[in-house]
Structures are given as structure tokens and as C-alpha cells.
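Asks: Take a look at the following structure, please.
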Amino acid sequence: MLEQDKLDKLNKLVIDDNEFIDLIYDVLEPFVKIRQDKIIPKAAYTKLNERKKILILLIARKAMKILNLIETETLQPKEIAIAAGVNHSSVKVYLTKYAKDRIVIKKKEGYLISESKFSHVKEMIFNEKN
């Protein structure tokens, strides 16, 4: 039988929905606002490189899905290009790389951010040079 203090240590690793929502908020707050089913960029968003704009957009879609503002969070590359303000061919290149690295998940309906890589994505947005 496991000792309670060992179980307590492992339980510290468990993240609940509120903590996940806090992580999403921390990433999005500097860059976008959400109004109904629209993502409204802030000034800081315009200073991001294309890679980060794509990630912010997909995270914002995750937030919108959690808030029940949209039915599905997935987007096709062309939709991402338009919404993020990024060249369509660049979007396809980045999505291919991100899918290979499992940062995004590719589904038949489109792409969405991977929750399992969310901490890595947060690091990419805030700690990598623009």
C-alpha cells in the first residue's frame, strides 16, 4: 500500500479544469479579446511572428469552445490564414511542422491545439524570440 505522503506528491501533479483555464487566460490575455464568436487582436498580437499568431489563434479557439461560443474549435489552413492574418502557404508549412511535433492535432475537420503540449506552446510564445 502506498503511503499517503507519496500519494499527496503525485496529486500535486494533477491539473484541474480551473488551472487549465488559468493557463489559457495567461497566454491569451496579452494578445486577444473574445467577443461572441470573434477573436479581436490587441496591439501586442500584431507584433507576433506568424508562428505565434497561428498558435494564439488556435488557443483562442480552444477558449471559445470551452465557453460554448463555437461548436467546434477546428479550423482548416485557409481559415487559419484569414483569421490569423498569415500567408496561406506559410500556415500550411507551420501546421505540418506543428502536427509532426504534436503541438497541433490534425483532424478531418481541421486543426486544433494539443492540450498535452500546452505548456510547451506557452513557453514557445513567451520565451522564444519573436
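Residue numbers start at 1 in each chain; chains themselves are named A, B, ... in the order of the C-alpha cells; ligands are numbered from 1 in the order shown.
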Tell me, as a ChimeraX atom specification, which residues lie within 9 Å of range 38-48 of chain A, counting only C-alpha atoms; anything in the same chain fewer than 4 positions away does not count.
Replies: /A:30-34,52-53,56-57,60-61,64,83,125,130
Asks: Emit the selected residues as a compact mmCIF listing (two decimals), in the first residue's frame, including N, CA and C atoms.
Replies:
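Result file is again25.txt:
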```
# COMPACT_ATOMS: atom_id res chain seq x y z
N PRO A 30 -2.60 38.88 -23.05
CA PRO A 30 -1.82 39.98 -23.64
C PRO A 30 -2.12 40.24 -25.12
N PHE A 31 -2.72 39.27 -25.81
CA PHE A 31 -2.78 39.33 -27.26
C PHE A 31 -4.16 39.48 -27.88
N VAL A 32 -5.20 38.94 -27.25
CA VAL A 32 -6.53 38.97 -27.87
C VAL A 32 -7.64 39.15 -26.83
N LYS A 33 -8.78 39.56 -27.34
CA LYS A 33 -10.04 39.54 -26.61
C LYS A 33 -10.99 38.66 -27.40
N ILE A 34 -12.02 38.16 -26.75
CA ILE A 34 -13.01 37.32 -27.42
C ILE A 34 -14.37 37.97 -27.25
N LYS A 52 3.63 32.36 -33.99
CA LYS A 52 2.94 32.65 -32.73
C LYS A 52 1.49 33.08 -32.97
N LYS A 53 1.24 33.80 -34.05
CA LYS A 53 -0.13 34.19 -34.37
C LYS A 53 -1.01 32.97 -34.58
N ILE A 56 -1.66 31.38 -31.11
CA ILE A 56 -2.62 32.20 -30.34
C ILE A 56 -4.03 31.98 -30.87
N LEU A 57 -4.18 31.98 -32.19
CA LEU A 57 -5.49 31.76 -32.79
C LEU A 57 -6.07 30.41 -32.36
N ALA A 60 -7.08 30.50 -28.76
CA ALA A 60 -8.32 31.28 -28.62
C ALA A 60 -9.53 30.44 -29.02
N ARG A 61 -9.38 29.64 -30.06
CA ARG A 61 -10.46 28.74 -30.46
C ARG A 61 -10.77 27.73 -29.36
N MET A 64 -12.80 29.56 -26.83
CA MET A 64 -14.15 29.77 -27.33
C MET A 64 -14.98 28.49 -27.25
N ALA A 83 -8.02 34.25 -40.49
CA ALA A 83 -8.25 34.71 -39.12
C ALA A 83 -6.98 35.22 -38.44
N ILE A 125 5.57 30.74 -26.97
CA ILE A 125 5.02 32.08 -27.18
C ILE A 125 5.77 33.13 -26.37
N ASN A 130 10.81 36.70 -30.99
CA ASN A 130 9.73 36.91 -31.96
C ASN A 130 10.19 36.75 -33.37
```
Asks: So which residues touch range 106-111 of chain A within 6 Å, counting only C-alpha atoms, skipping near sequence neighbours fewer than 4 positions away, as a list of chain:residue names?
Replies: A:Thr74, A:Leu75, A:Gln76
Asks: Using the selection just defined, write its residues with C-alpha atoms as a PDB file, in the first residue's frame.
Replies:
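Output contents, as saved in selection-v3.pdb:
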```pdb
ATOM      1  CA  THR A  74     -11.027  23.047 -35.526  1.00  0.00           C
ATOM      2  CA  LEU A  75     -10.050  25.249 -38.452  1.00  0.00           C
ATOM      3  CA  GLN A  76      -8.805  24.496 -41.953  1.00  0.00           C
TER       4      GLN A  76
END
```
Asks: Would you please give, as an MDAnalysis selection string, all residues of range 15-80 of chain A that DSSP assigns to alpha helix (DSSP H) based on the backbone?
Replies: chainID A and resid 17:28 43:46 50:66 77:80
Asks: As a list in words, please: every residue in range 9-105 of chain A that DSSP puts in strand (DSSP E or B).
Replies: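 Answer for range 9-105 of chain A, restricted to strand (DSSP E or B): Val32, Lys33, Ile34, Arg35, Lys38, Ile39, Ile40, Pro41, Leu75, Val104 and Ile105 of chain A.
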Asks: Save out the residues we just selected, N, CA and C atoms, as a compact mmCIF listing (two decimals), in the first residue's frame.
Replies:
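Once everything was written out, this is result_7.txt:
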```txt
# COMPACT_ATOMS: atom_id res chain seq x y z
N VAL A 32 -5.20 38.94 -27.25
CA VAL A 32 -6.53 38.97 -27.87
C VAL A 32 -7.64 39.15 -26.83
N LYS A 33 -8.78 39.56 -27.34
CA LYS A 33 -10.04 39.54 -26.61
C LYS A 33 -10.99 38.66 -27.40
N ILE A 34 -12.02 38.16 -26.75
CA ILE A 34 -13.01 37.32 -27.42
C ILE A 34 -14.37 37.97 -27.25
N ARG A 35 -15.07 38.12 -28.37
CA ARG A 35 -16.42 38.67 -28.35
C ARG A 35 -17.31 37.73 -29.14
N LYS A 38 -16.01 35.87 -32.17
CA LYS A 38 -14.95 36.62 -32.84
C LYS A 38 -13.72 36.75 -31.93
N ILE A 39 -12.57 36.70 -32.55
CA ILE A 39 -11.30 36.93 -31.86
C ILE A 39 -10.83 38.31 -32.27
N ILE A 40 -10.63 39.16 -31.27
CA ILE A 40 -10.24 40.55 -31.53
C ILE A 40 -8.79 40.74 -31.09
N PRO A 41 -7.89 40.98 -32.05
CA PRO A 41 -6.48 41.14 -31.70
C PRO A 41 -6.21 42.46 -30.96
N LEU A 75 -10.07 24.34 -37.31
CA LEU A 75 -10.05 25.25 -38.45
C LEU A 75 -9.21 24.64 -39.56
N VAL A 104 -0.06 20.59 -32.62
CA VAL A 104 -1.45 20.65 -33.06
C VAL A 104 -1.89 19.26 -33.45
N ILE A 105 -3.18 19.07 -33.45
CA ILE A 105 -3.78 17.80 -33.85
C ILE A 105 -4.49 18.04 -35.17
```
Asks: Expressed in Å to a single decimal, how great is the separation between CA of Ile59 in chain A and CA of Arg102 in chain A?
Replies: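 A separation of 14.5 Å between them.
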Asks: With distances taken over only C-alpha atoms, which of A:Ser114, A:Ser119, A:Asn49, A:Gln4 is nearest to Val91 in chain A?
Replies: A:Asn49
Asks: Pick out the residues sitting within 8 Å of Ile54 in chain A, and hand them over as a list in words; count only C-alpha atoms, and ignore anything fewer than 5 positions along from it in its own chain.
Replies: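 Near neighbours after the sequence-gap exclusion: Ile80, Ala84, Val86 and Val91 of chain A.
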Asks: Selection from above, N, CA, C and O atoms, as a PDB file, in the first residue's frame, can you write it?
Replies:
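Generated file (out39.pdb):
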```pdb
ATOM      1  N   ILE A  80      -7.465  29.509 -40.958  1.00  0.00           N
ATOM      2  CA  ILE A  80      -6.414  29.981 -40.043  1.00  0.00           C
ATOM      3  C   ILE A  80      -5.682  31.159 -40.662  1.00  0.00           C
ATOM      4  O   ILE A  80      -5.436  32.169 -39.997  1.00  0.00           O
ATOM      5  N   ALA A  84      -5.846  34.592 -38.745  1.00  0.00           N
ATOM      6  CA  ALA A  84      -4.582  34.987 -38.097  1.00  0.00           C
ATOM      7  C   ALA A  84      -3.872  36.101 -38.850  1.00  0.00           C
ATOM      8  O   ALA A  84      -2.939  36.705 -38.324  1.00  0.00           O
ATOM      9  N   VAL A  86      -2.150  35.602 -41.681  1.00  0.00           N
ATOM     10  CA  VAL A  86      -0.885  34.983 -42.070  1.00  0.00           C
ATOM     11  C   VAL A  86      -1.057  34.391 -43.466  1.00  0.00           C
ATOM     12  O   VAL A  86      -2.121  33.888 -43.816  1.00  0.00           O
ATOM     13  N   VAL A  91       1.027  29.164 -43.412  1.00  0.00           N
ATOM     14  CA  VAL A  91       0.184  28.427 -42.458  1.00  0.00           C
ATOM     15  C   VAL A  91       0.331  26.930 -42.684  1.00  0.00           C
ATOM     16  O   VAL A  91       0.522  26.169 -41.740  1.00  0.00           O
TER      17      VAL A  91
END
```
